[in-house]
Structure formats: C-alpha cells, structure tokens
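Below is start_18.txt, which holds compact mmCIF, C-alpha atoms and all ligand atoms.
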```
# COMPACT_ATOMS: atom_id res chain seq x y z
CA MET A 1 99.58 62.05 126.18
CA LYS A 2 102.87 60.82 124.79
CA ALA A 3 105.54 63.51 124.34
CA GLN A 4 106.54 63.88 120.71
CA ARG A 5 109.53 65.23 118.81
CA ILE A 6 108.19 68.07 116.71
CA VAL A 7 109.86 70.18 114.03
CA ILE A 8 108.23 73.55 113.35
CA LEU A 9 108.80 75.63 110.23
CA GLY A 10 107.88 79.32 110.57
CA GLY A 11 107.58 78.99 114.34
CA THR A 12 109.35 82.24 115.23
CA GLY A 13 106.49 84.55 114.20
CA PHE A 14 103.30 85.75 115.88
CA VAL A 15 101.52 82.37 115.84
CA GLY A 16 104.71 80.53 116.79
CA ARG A 17 105.10 82.74 119.85
CA HIS A 18 101.76 81.36 121.07
CA LEU A 19 102.08 77.82 119.73
CA VAL A 20 105.62 76.91 120.84
CA PRO A 21 105.04 77.59 124.58
CA ARG A 22 101.68 75.76 124.38
CA LEU A 23 103.32 72.63 122.92
CA ALA A 24 106.27 72.88 125.30
CA ARG A 25 103.75 72.75 128.15
CA ASP A 26 102.60 69.33 126.90
CA GLY A 27 106.18 68.09 127.27
CA HIS A 28 106.98 67.86 123.56
CA ALA A 29 110.57 68.28 122.40
CA ILE A 30 110.45 71.06 119.81
CA THR A 31 112.89 72.14 117.13
CA VAL A 32 112.05 75.48 115.53
CA LEU A 33 113.70 76.11 112.16
CA THR A 34 114.54 79.72 111.37
CA ARG A 35 116.41 81.69 108.74
CA ASN A 36 118.08 83.79 111.42
CA ARG A 37 118.59 82.38 114.87
CA ASP A 38 120.25 85.52 116.23
CA ARG A 39 117.16 87.66 115.64
CA LYS A 40 114.70 85.22 117.27
CA ARG A 41 116.50 84.00 120.37
CA GLU A 42 113.66 84.57 122.87
CA ILE A 43 111.87 81.35 121.81
CA SER A 44 114.87 79.16 122.66
CA VAL A 45 114.75 80.00 126.37
CA LEU A 46 111.70 77.73 126.75
CA PRO A 47 112.30 74.22 128.15
CA ARG A 48 112.78 71.47 125.52
CA VAL A 49 112.78 74.04 122.69
CA ARG A 50 115.71 74.32 120.25
CA LEU A 51 116.02 77.10 117.70
CA VAL A 52 118.06 76.03 114.68
CA ASN A 53 119.25 77.91 111.59
CA ALA A 54 117.96 76.24 108.43
CA ASP A 55 117.09 77.07 104.86
CA VAL A 56 113.75 75.29 104.70
CA HIS A 57 113.68 75.71 100.92
CA ASP A 58 116.68 73.39 100.59
CA PRO A 59 115.38 69.77 100.42
CA ALA A 60 118.57 68.25 101.86
CA THR A 61 118.55 70.63 104.84
CA LEU A 62 114.89 69.92 105.43
CA ALA A 63 115.42 66.15 105.38
CA ARG A 64 118.36 66.45 107.79
CA ARG A 65 116.35 68.53 110.24
CA LEU A 66 113.29 66.27 110.07
CA ALA A 67 115.17 63.01 110.64
CA GLY A 68 113.97 61.34 113.85
CA ALA A 69 110.94 63.59 114.35
CA ASP A 70 107.40 62.34 115.05
CA ALA A 71 105.59 65.31 113.54
CA ALA A 72 106.17 68.44 111.47
CA ILE A 73 104.24 71.69 111.68
CA ASN A 74 104.36 74.18 108.82
CA LEU A 75 103.55 77.75 109.82
CA VAL A 76 105.47 79.45 107.02
CA GLY A 77 103.35 82.03 105.25
CA ILE A 78 103.65 85.42 103.63
CA LEU A 79 101.05 88.11 102.92
CA ASN A 80 103.23 89.93 100.42
CA GLU A 81 105.81 88.87 97.88
CA ARG A 82 108.70 90.90 96.50
CA GLY A 83 107.35 91.32 92.94
CA SER A 84 103.72 90.85 91.94
CA ASP A 85 103.66 87.83 89.59
CA GLY A 86 102.82 85.25 92.27
CA SER A 87 106.18 83.48 92.20
CA GLY A 88 107.01 84.57 95.75
CA PHE A 89 103.73 83.10 97.03
CA ARG A 90 104.32 79.90 95.05
CA LYS A 91 107.76 79.46 96.58
CA ALA A 92 106.73 80.19 100.18
CA HIS A 93 103.50 78.20 100.07
CA VAL A 94 103.27 75.65 97.24
CA GLU A 95 106.89 74.66 96.65
CA LEU A 96 107.59 74.51 100.35
CA ALA A 97 104.54 72.30 100.99
CA ALA A 98 105.71 70.01 98.17
CA SER A 99 109.28 69.70 99.44
CA LEU A 100 108.11 69.34 103.04
CA THR A 101 105.77 66.45 102.24
CA THR A 102 108.54 64.77 100.24
CA ALA A 103 111.04 65.24 103.07
CA CYS A 104 108.51 63.90 105.60
CA ARG A 105 107.93 60.78 103.50
CA GLU A 106 111.65 60.19 102.96
CA THR A 107 112.49 60.57 106.64
CA GLY A 108 109.52 58.60 107.98
CA VAL A 109 107.78 61.59 109.60
CA SER A 110 104.17 60.54 109.18
CA ARG A 111 102.31 63.41 110.89
CA LEU A 112 102.00 66.90 109.38
CA LEU A 113 100.04 69.90 110.64
CA GLN A 114 99.70 72.52 107.90
CA MET A 115 98.70 76.14 108.50
CA SER A 116 96.51 77.54 105.75
CA SER A 117 93.88 80.24 105.59
CA LEU A 118 90.11 80.63 105.31
CA ARG A 119 89.03 80.76 101.64
CA ALA A 120 92.22 78.97 100.52
CA GLY A 121 92.01 78.16 96.81
CA GLU A 122 89.22 80.69 96.16
CA GLY A 123 89.17 84.08 94.48
CA GLU A 124 91.78 85.82 92.38
CA SER A 125 94.63 86.62 94.76
CA HIS A 126 97.97 84.86 94.47
CA TYR A 127 97.88 84.55 98.26
CA LEU A 128 94.65 82.53 98.47
CA ARG A 129 95.29 80.56 95.28
CA SER A 130 98.75 79.49 96.46
CA ARG A 131 97.30 78.56 99.85
CA GLY A 132 94.85 76.25 98.06
CA GLU A 133 97.59 74.68 95.96
CA ALA A 134 99.70 74.12 99.07
CA GLU A 135 96.73 72.35 100.66
CA GLU A 136 96.44 70.10 97.59
CA ARG A 137 100.09 69.10 97.93
CA VAL A 138 99.49 68.22 101.58
CA ARG A 139 96.18 66.38 100.96
CA SER A 140 97.68 64.22 98.21
CA SER A 141 100.75 63.32 100.27
CA ALA A 142 99.57 60.10 101.98
CA LEU A 143 100.82 61.55 105.27
CA ALA A 144 98.58 61.81 108.33
CA TRP A 145 97.90 65.48 107.74
CA THR A 146 95.66 68.05 109.42
CA ILE A 147 95.01 71.45 107.85
CA PHE A 148 94.00 74.59 109.75
CA ARG A 149 92.26 77.50 108.07
CA PRO A 150 92.02 80.48 110.39
CA SER A 151 90.40 83.86 109.83
CA VAL A 152 92.63 86.75 110.95
CA ILE A 153 94.31 85.93 114.23
CA PHE A 154 94.39 88.34 117.18
CA GLY A 155 96.51 88.49 120.32
CA ASP A 156 99.56 90.16 121.77
CA GLY A 157 101.72 91.55 118.96
CA ASP A 158 99.32 90.58 116.14
CA GLY A 159 99.52 92.04 112.63
CA LEU A 160 95.92 93.22 112.71
CA PHE A 161 94.93 95.31 115.76
CA PHE A 162 98.50 96.24 116.63
CA ARG A 163 99.23 97.34 113.07
CA PHE A 164 96.10 99.47 112.83
CA ALA A 165 96.78 100.87 116.32
CA ASP A 166 100.21 102.07 115.14
CA LEU A 167 98.62 103.79 112.13
CA LEU A 168 95.80 105.31 114.15
CA ARG A 169 98.20 106.81 116.69
CA ILE A 170 99.70 108.99 113.95
CA ALA A 171 96.87 109.45 111.41
CA PRO A 172 93.77 111.53 112.32
CA LEU A 173 92.00 110.16 109.23
CA LEU A 174 92.37 106.66 107.82
CA PRO A 175 91.19 105.97 104.26
CA LEU A 176 90.37 102.27 104.17
CA ALA A 177 90.09 99.90 101.20
CA ARG A 178 87.49 97.10 101.38
CA ALA A 179 86.10 98.52 104.65
CA HIS A 180 83.05 96.25 104.36
CA ALA A 181 85.09 93.04 104.13
CA LYS A 182 84.06 90.68 106.92
CA PHE A 183 86.31 88.84 109.35
CA ALA A 184 85.77 86.53 112.29
CA PRO A 185 88.97 87.20 114.24
CA VAL A 186 90.20 84.16 116.14
CA PHE A 187 92.39 84.26 119.26
CA ALA A 188 96.00 83.11 118.86
CA GLY A 189 95.68 81.12 122.08
CA ASP A 190 92.73 79.19 120.60
CA VAL A 191 94.69 78.52 117.39
CA ALA A 192 97.58 77.17 119.46
CA GLU A 193 95.15 75.00 121.43
CA ALA A 194 93.72 73.60 118.19
CA PHE A 195 97.19 72.52 117.03
CA ALA A 196 97.94 71.01 120.46
CA ARG A 197 94.71 68.97 120.40
CA ALA A 198 95.33 67.81 116.84
CA LEU A 199 98.71 66.45 117.90
CA ALA A 200 97.11 64.67 120.84
CA HIS A 201 94.27 63.09 118.84
CA PRO A 202 95.13 60.93 115.81
CA ARG A 203 91.44 61.06 114.72
CA THR A 204 92.12 64.63 113.53
CA ALA A 205 94.25 63.26 110.67
CA GLY A 206 92.69 63.86 107.27
CA GLN A 207 90.60 66.78 108.59
CA ILE A 208 90.45 70.45 107.67
CA TYR A 209 89.53 72.77 110.55
CA GLU A 210 88.23 76.26 109.90
CA LEU A 211 89.13 78.45 112.85
CA ALA A 212 87.03 81.53 113.56
CA GLY A 213 86.14 83.67 116.53
CA PRO A 214 82.61 84.09 117.91
CA ARG A 215 81.96 87.47 116.25
CA THR A 216 81.91 88.55 112.62
CA ILE A 217 82.94 92.15 112.10
CA GLU A 218 83.53 94.43 109.11
CA LEU A 219 87.05 95.79 108.67
CA GLY A 220 85.89 99.41 109.06
CA GLU A 221 84.16 98.65 112.38
CA LEU A 222 87.22 96.72 113.58
CA VAL A 223 89.44 99.75 112.87
CA ARG A 224 87.01 102.14 114.58
CA TRP A 225 86.93 99.86 117.64
CA THR A 226 90.74 99.80 117.66
CA ALA A 227 90.80 103.62 117.70
CA ARG A 228 88.45 103.62 120.70
CA LEU A 229 90.63 101.05 122.50
CA ILE A 230 93.75 103.18 122.14
CA GLY A 231 91.80 106.25 123.27
CA LYS A 232 91.89 108.17 119.97
CA ARG A 233 89.07 109.95 118.14
CA ARG A 234 89.66 109.05 114.53
CA VAL A 235 87.80 109.21 111.23
CA VAL A 236 87.81 105.96 109.24
CA LEU A 237 86.94 106.69 105.62
CA PRO A 238 85.73 103.68 103.58
CA LEU A 239 87.08 103.96 100.03
CA PRO A 240 85.07 102.92 96.98
CA ASP A 241 86.75 100.00 95.19
CA ALA A 242 88.38 102.07 92.43
CA LEU A 243 90.10 104.27 95.02
CA GLY A 244 90.86 101.30 97.26
CA TYR A 245 92.59 99.60 94.37
CA ALA A 246 94.59 102.78 93.67
CA GLN A 247 95.58 102.91 97.35
CA ALA A 248 96.74 99.27 97.13
CA LEU A 249 98.77 100.07 94.01
CA VAL A 250 100.53 102.93 95.80
CA GLY A 251 100.90 100.81 98.94
CA GLU A 252 103.10 98.35 97.04
CA TRP A 253 105.77 101.05 96.77
CA LEU A 254 105.68 102.14 100.41
CA PRO A 255 108.08 100.74 103.03
CA GLY A 256 106.72 97.47 104.48
CA LYS A 257 103.99 97.27 101.79
CA PRO A 258 101.09 98.27 104.10
CA ILE A 259 98.66 97.08 101.39
CA SER A 260 99.12 95.52 97.95
CA ARG A 261 96.87 94.74 95.00
CA ASP A 262 97.08 91.10 96.03
CA ASN A 263 95.85 91.98 99.54
CA PHE A 264 93.02 93.95 97.91
CA ARG A 265 92.03 90.88 95.87
CA SER A 266 92.10 88.67 98.99
CA LEU A 267 89.87 91.20 100.77
CA LYS A 268 87.20 90.68 98.11
CA LEU A 269 86.32 87.44 99.92
CA ASP A 270 84.90 87.55 103.43
CA SER A 271 87.15 85.73 105.88
CA VAL A 272 84.35 83.91 107.70
CA ALA A 273 84.03 80.22 108.47
CA ARG A 274 81.47 77.77 107.13
CA GLU A 275 82.15 75.24 109.89
CA ASP A 276 83.13 75.68 113.53
CA GLY A 277 86.50 73.94 113.71
CA LEU A 278 87.22 75.15 117.24
CA ALA A 279 83.98 73.59 118.54
CA ALA A 280 84.80 70.35 116.68
CA LEU A 281 88.03 70.25 118.69
CA GLY A 282 86.20 71.03 121.95
CA ILE A 283 87.51 74.59 122.21
CA VAL A 284 85.28 77.50 123.24
CA ALA A 285 86.25 80.48 121.07
CA THR A 286 87.63 83.48 122.98
CA PRO A 287 85.96 86.79 122.04
CA MET A 288 88.27 89.62 121.01
CA GLU A 289 86.49 91.80 123.60
CA ALA A 290 88.00 89.56 126.30
CA VAL A 291 91.58 90.08 125.11
CA MET A 292 92.22 93.24 123.10
CA PRO A 293 91.04 96.03 125.45
CA ALA A 294 93.70 95.16 128.04
CA LEU A 295 96.41 94.76 125.39
CA LEU A 296 95.69 98.08 123.65
CA ALA A 297 94.62 100.32 126.55
CA PRO A 298 96.68 103.52 126.68
CA ARG A 299 99.30 103.37 129.45
N1 LIG A 301 98.42 86.11 111.65
C1 LIG A 301 97.25 85.91 111.04
O1 LIG A 301 96.27 86.68 111.21
C2 LIG A 301 97.05 84.71 110.15
C3 LIG A 301 95.78 84.44 109.61
C4 LIG A 301 95.62 83.33 108.79
C5 LIG A 301 96.70 82.51 108.50
N2 LIG A 301 97.92 82.81 109.03
C6 LIG A 301 99.05 81.95 108.71
O2 LIG A 301 99.64 81.45 109.90
C7 LIG A 301 101.04 81.29 109.71
C8 LIG A 301 101.80 82.02 110.79
O3 LIG A 301 101.40 83.37 110.77
P1 LIG A 301 102.19 84.47 111.60
O4 LIG A 301 101.22 85.59 111.83
O5 LIG A 301 102.85 83.85 112.78
O6 LIG A 301 103.27 84.94 110.54
P2 LIG A 301 104.68 85.63 110.83
O7 LIG A 301 104.64 86.34 112.16
O8 LIG A 301 105.01 86.43 109.63
O9 LIG A 301 105.67 84.40 110.95
C9 LIG A 301 105.90 83.52 109.89
C10 LIG A 301 107.25 82.90 110.06
O10 LIG A 301 107.53 82.19 108.84
C11 LIG A 301 108.89 82.34 108.49
N3 LIG A 301 108.95 82.80 107.10
C12 LIG A 301 108.34 83.88 106.56
N4 LIG A 301 108.61 83.95 105.24
C13 LIG A 301 109.39 82.89 104.94
C14 LIG A 301 109.97 82.42 103.76
N5 LIG A 301 109.82 83.07 102.60
N6 LIG A 301 110.71 81.30 103.82
C15 LIG A 301 110.89 80.66 104.99
N7 LIG A 301 110.36 81.05 106.15
C16 LIG A 301 109.62 82.16 106.13
C17 LIG A 301 109.51 83.39 109.40
O11 LIG A 301 110.47 82.73 110.23
P3 LIG A 301 112.04 83.12 110.24
O12 LIG A 301 112.13 84.59 109.92
O13 LIG A 301 112.47 82.83 111.64
O14 LIG A 301 112.70 82.25 109.24
C18 LIG A 301 108.38 83.91 110.25
O15 LIG A 301 108.70 84.03 111.60
C19 LIG A 301 101.34 81.81 108.30
O16 LIG A 301 101.31 80.74 107.42
C20 LIG A 301 100.17 82.73 108.04
O17 LIG A 301 99.92 82.93 106.65
C21 LIG A 301 98.12 83.87 109.85
```

Step by step, read the file and then write its structure as structure tokens.
Amino acid sequence: MKAQRIVILGGTGFVGRHLVPRLARDGHAITVLTRNRDRKREISVLPRVRLVNADVHDPATLARRLAGADAAINLVGILNERGSDGSGFRKAHVELAASLTTACRETGVSRLLQMSSLRAGEGESHYLRSRGEAEERVRSSALAWTIFRPSVIFGDGDGLFFRFADLLRIAPLLPLARAHAKFAPVFAGDVAEAFARALAHPRTAGQIYELAGPRTIELGELVRWTARLIGKRRVVLPLPDALGYAQALVGEWLPGKPISRDNFRSLKLDSVAREDGLAALGIVATPMEAVMPALLAPR
C-alpha cells in the first residue's frame, strides 16, 4: 500500500491514541492538529507523526495545514456543549465539517474520512442531530468521503467502562438514567483498523460503515459487569425516565457534566447497528470480554 500524507483533526483523544499508531504502522506520514500541543505530547513520539498547534475552526489555518496532504481524517466530536441551545454541537460538528470540506476542495485534498455516530440524524438530541447534519455536509461535498458510525467505543482509557469504574469505586449505589438503553460496544482497535482499511481501499469511498461489537448489552448490565470487573459489590438502581431526566438536569451543573439532558435524549435511541460495517471491511469484531477484564482487574 502506498504511504500517504494524512492530516488528522481531533486525533489526540481516546480514538486518536489507537488510530494514530495504527496508521503510523502502515508507513503514513501523519500530522495531528491540536488546540494544545503541550498537553498532548505523547502522540508525537511516534515515527512519522507530527503534532501541530492549530485552530481548526479557522478556515485559513485549516487550509494551510491541509496543503499537500493526500487525505484528511476528522475525529473532532463533543458529547457536551457549554450551554444547552445546540450551538456548541453545531460549531464542533456541522460548521467544522462544512469548513473542512471546503478547505479540502480548495487545497486539492480529495479523500476524507469522517467520524460520526450510530443513529446520526435521528431523535431529538442536539448531539445526534448535529452528527447527521455534519454527515450531510460531507456527503454533498464531492470529495471521496467515507463515514464511520460507531456505537460506544471501548478500550484502554475509554470514556465508558473507565468512567463508570471511577464512579463505582467511590459510590456503593449508582442511580442510573436510561438503564435499559442498548449498546453494542465496539473495540477501539477495530475502529482504528476500519479507518486504516478505508485508507487502503479506494472502493470504500462513498460508503457509510456502522461499527458495532459482537454483543448488544443494556447500560445497566454493562455497569453491573464493570463493578464485577473492578471487584466491587455495587447496587445499580435503574431510574424511571422522570427521575432520570431530573438527574440529567442536575448533572449539567456538576463538574465535568457527568450527564446532561442532551445525553438523556441521545440515550432514548438504542446505539445498535443495522449493518455490520466491520465485517464489510473484513474485520472480525473483538468482544469486550476479551479486552476489558485485563484492563479493569484490581491490581
Ligand atoms: N469514544 C466513543 O465511545 C465514541 C463513540 C462514537 C463516536 N465517537 C466519536 O469519535 C470521535 C473521537 O472520539 P474520542 O473518544 O477520541 O473523543 P475525545 O477523546 O474527546 O477526543 C476528541 C478530540 O477532539 C478534539 N476536540 C474536542 N473538542 C473540540 C472542539 N470543540 N474543537 C476542536 N477540537 C476539539 C480534542 O483535541 P485537542 O484537545 O487536542 O484539540 C480531542 O482530543 C469523536 O468525534 C466522537 O464523537 C466516539
């Protein structure tokens, strides 16, 4: 496979930590754009990987950073915005997708891999609606695009199991909103592999891949399993929707916004796939049982 020059937006986070080394292994030259290089230095120690400060919301900066690249990958995404009117989601998802596709066209970068989410464009949450609108910007761009829609992603340092594990270590009882919401957690390594294969195979242009793991699980069961993995006996208390919504309302005012009303609205839709995008790319999905017990076992 020919090595490519790739620019990644949002590549310093959890998915980026799996994706960047995977692409570096294929020999690609990678530039990761970040808002704060000093806080994310570990990624730049990899061979052929540069970490560069850039305001990706500034069209001129974006165009300058994309010049000469073969492909762009957009991993920027937020689960919470500062206010609650949707403008933060619009900026991070829709406006960025629009300016990125424009910058790609202007600089001759014809290939774009766009991270999205299962159920993008559905339901009432600003998160999912803005994801759908971002996809529309990408699909109408005339670039050779590929869109990925994962369920929740698991792996070392994820925002799912690791976050609940932190809570469960301190809380003997965990009241849980939308405990019956369904997920099909997908391994970060498999997500990275899907991106790598899409870059290698031009036939993936114009395709949307739903990425899900082999098992569908309800949120409550996932949290109970996490408690067992960290060796804690815990009570997980499913909340009826009225109380769950109240919890989300309060959560918006807590440090780090552990849950918001927008998260609650997203959780009304099951995060399960209708098509097996990993299989379509020739990837056998890794079960969470093969990964998480070793990562969360008490030391
Ligand atoms: N993790 C999951 O379970 C999951 C599931 C479905 C979809 N996704 C999507 O996959 C992508 C990557 O997820 P992740 O878990 O790696 O997220 P993450 O750890 O939060 O990383 C996202 C990165 O995006 C950049 N970023 C965040 N907000 C930004 C903003 N307002 N403007 C510019 N850059 C911003 C940050 O980079 P800097 O701070 O370096 O600038 C950050 O490192 C996201 O689009 C996410 O929505 C994730």

Next on the checklist: Just want the residues within 6 Å of ligand LIG 301 (chain A), written as a ChimeraX atom specification, counting all atoms listed in the file.
Outcome noted: /A:10-16,34-36,75-78,92,115-117,150-153

Mind dumping the selected residues with C-alpha atoms as a PDB file, in the frame of the given file?
```
ATOM      1  CA  GLY A  10     107.880  79.320 110.570  1.00  0.00           C
ATOM      2  CA  GLY A  11     107.580  78.990 114.340  1.00  0.00           C
ATOM      3  CA  THR A  12     109.350  82.240 115.230  1.00  0.00           C
ATOM      4  CA  GLY A  13     106.490  84.550 114.200  1.00  0.00           C
ATOM      5  CA  PHE A  14     103.300  85.750 115.880  1.00  0.00           C
ATOM      6  CA  VAL A  15     101.520  82.370 115.840  1.00  0.00           C
ATOM      7  CA  GLY A  16     104.710  80.530 116.790  1.00  0.00           C
ATOM      8  CA  THR A  34     114.540  79.720 111.370  1.00  0.00           C
ATOM      9  CA  ARG A  35     116.410  81.690 108.740  1.00  0.00           C
ATOM     10  CA  ASN A  36     118.080  83.790 111.420  1.00  0.00           C
ATOM     11  CA  LEU A  75     103.550  77.750 109.820  1.00  0.00           C
ATOM     12  CA  VAL A  76     105.470  79.450 107.020  1.00  0.00           C
ATOM     13  CA  GLY A  77     103.350  82.030 105.250  1.00  0.00           C
ATOM     14  CA  ILE A  78     103.650  85.420 103.630  1.00  0.00           C
ATOM     15  CA  ALA A  92     106.730  80.190 100.180  1.00  0.00           C
ATOM     16  CA  MET A 115      98.700  76.140 108.500  1.00  0.00           C
ATOM     17  CA  SER A 116      96.510  77.540 105.750  1.00  0.00           C
ATOM     18  CA  SER A 117      93.880  80.240 105.590  1.00  0.00           C
ATOM     19  CA  PRO A 150      92.020  80.480 110.390  1.00  0.00           C
ATOM     20  CA  SER A 151      90.400  83.860 109.830  1.00  0.00           C
ATOM     21  CA  VAL A 152      92.630  86.750 110.950  1.00  0.00           C
ATOM     22  CA  ILE A 153      94.310  85.930 114.230  1.00  0.00           C
TER      23      ILE A 153
END
```

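Straight-line separation from CA of Val20 in chain A to CA of Gln4 in chain A: 13.1 Å.
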
Item to check | Nearest candidate to Arg299 in chain A (options A:Arg169, A:Ala273, A:Pro238, A:Ile230; using only C-alpha atoms) | outcome: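 Closest to Arg299 in chain A, using only C-alpha atoms: A:Ile230.
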
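In this comparison, which uses all atoms listed in the file, the residue of A:Pro287, A:Arg149, A:Leu237, A:Leu176 approaching Gly189 in chain A most closely is A:Pro287.
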
Next on the checklist: Please report the interatomic distance between CA of Arg90 in chain A and CA of His126 in chain A in Å with one decimal.
Outcome noted: 8.1 Å

Item to check | Residue with smallest distance to Ala200 in chain A - pool A:Asp26, A:Glu135, A:Asp262, A:Glu275, counting all atoms listed in the file | outcome: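 Of A:Asp26, A:Glu135, A:Asp262, A:Glu275, the one nearest Ala200 in chain A, counting all atoms listed in the file, is A:Asp26.
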
Checklist entry - Taking (99.1, 106.0, 116.8) in the file's coordinates, which residues come within 12 Å, counting all atoms listed in the file, written as a PyMOL selection string? => result chain A and resi 161-174+226-234+296+298

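Among the candidate residues A:Leu62, A:Glu81, A:Ala297, A:Thr286, the one lying nearest to Thr102 in chain A is A:Leu62, with distances computed using only C-alpha atoms.
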
Item to check | Near-Ala290 in chain A list (12 Å; only C-alpha atoms; drop same-chain fewer than 6 positions) as a VMD selection string | outcome: chain A and resid 154 to 155 186 to 187 213 to 215 296

Residues from last step as file, C-alpha atoms, as a PDB file, keeping the file's coordinate frame:
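Below is the file part-v3.pdb, written as the result:
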```pdb
ATOM      1  CA  PHE A 154      94.390  88.340 117.180  1.00  0.00           C
ATOM      2  CA  GLY A 155      96.510  88.490 120.320  1.00  0.00           C
ATOM      3  CA  VAL A 186      90.200  84.160 116.140  1.00  0.00           C
ATOM      4  CA  PHE A 187      92.390  84.260 119.260  1.00  0.00           C
ATOM      5  CA  GLY A 213      86.140  83.670 116.530  1.00  0.00           C
ATOM      6  CA  PRO A 214      82.610  84.090 117.910  1.00  0.00           C
ATOM      7  CA  ARG A 215      81.960  87.470 116.250  1.00  0.00           C
ATOM      8  CA  LEU A 296      95.690  98.080 123.650  1.00  0.00           C
TER       9      LEU A 296
END
```

Item to check | Separation of CA of Glu221 in chain A from CA of Leu254 in chain A in Å | outcome: 24.9 Å

Report as an mmCIF file with C-alpha atoms, in the frame of the given file all protein, DNA and RNA residues lying within 6 Å of Ala181 in chain A, evaluated on all atoms listed in the file, omitting residues in the same chain fewer than 3 positions from it.
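Output file part13.cif follows:
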```cif
data_model
loop_
_atom_site.group_PDB
_atom_site.id
_atom_site.type_symbol
_atom_site.label_atom_id
_atom_site.label_comp_id
_atom_site.auth_asym_id
_atom_site.auth_seq_id
_atom_site.Cartn_x
_atom_site.Cartn_y
_atom_site.Cartn_z
ATOM 1 C CA ARG A 178 87.490 97.100 101.380
ATOM 2 C CA GLU A 218 83.530 94.430 109.110
ATOM 3 C CA LEU A 219 87.050 95.790 108.670
ATOM 4 C CA ASP A 270 84.900 87.550 103.430
#
```

Checklist entry - Which residue, A:Leu278, A:Ile147, A:Ala97, A:Ala120, has the smallest gap to Ala134 in chain A when you use only C-alpha atoms? => result A:Ala97

Item to check | 12 Å contact set for Glu106 in chain A, all atoms listed in the file, chain neighbours under 2 positions out, as a count of residues only | outcome: 20

Next on the checklist: When you look at Phe264 in chain A with a cut-off of 8 Å (counting all atoms listed in the file), what residues show up, excluding the ones that are within fewer than 5 positions of it in the same chain? I need them as a ChimeraX atom specification.
Outcome noted: /A:177-178,244-245,248,259

Checklist entry - Of the residues A:Thr31, A:Phe148, A:Gly206, A:Ser260, which is the one nearest to Ala54 in chain A, using all atoms listed in the file? => result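 Ranking A:Thr31, A:Phe148, A:Gly206, A:Ser260 by distance to Ala54 in chain A, first place goes to A:Thr31.
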
Residues at most 10 Å from Ala24 in chain A, counting only C-alpha atoms, excluding those fewer than 5 positions away in the same chain, as a compact mmCIF listing (two decimals) with C-alpha atoms, in the frame of the given file?
```txt
# COMPACT_ATOMS: atom_id res chain seq x y z
CA ALA A 3 105.54 63.51 124.34
CA LEU A 19 102.08 77.82 119.73
CA ALA A 29 110.57 68.28 122.40
CA ILE A 30 110.45 71.06 119.81
CA LEU A 46 111.70 77.73 126.75
CA PRO A 47 112.30 74.22 128.15
CA ARG A 48 112.78 71.47 125.52
CA VAL A 49 112.78 74.04 122.69
CA ALA A 196 97.94 71.01 120.46
```
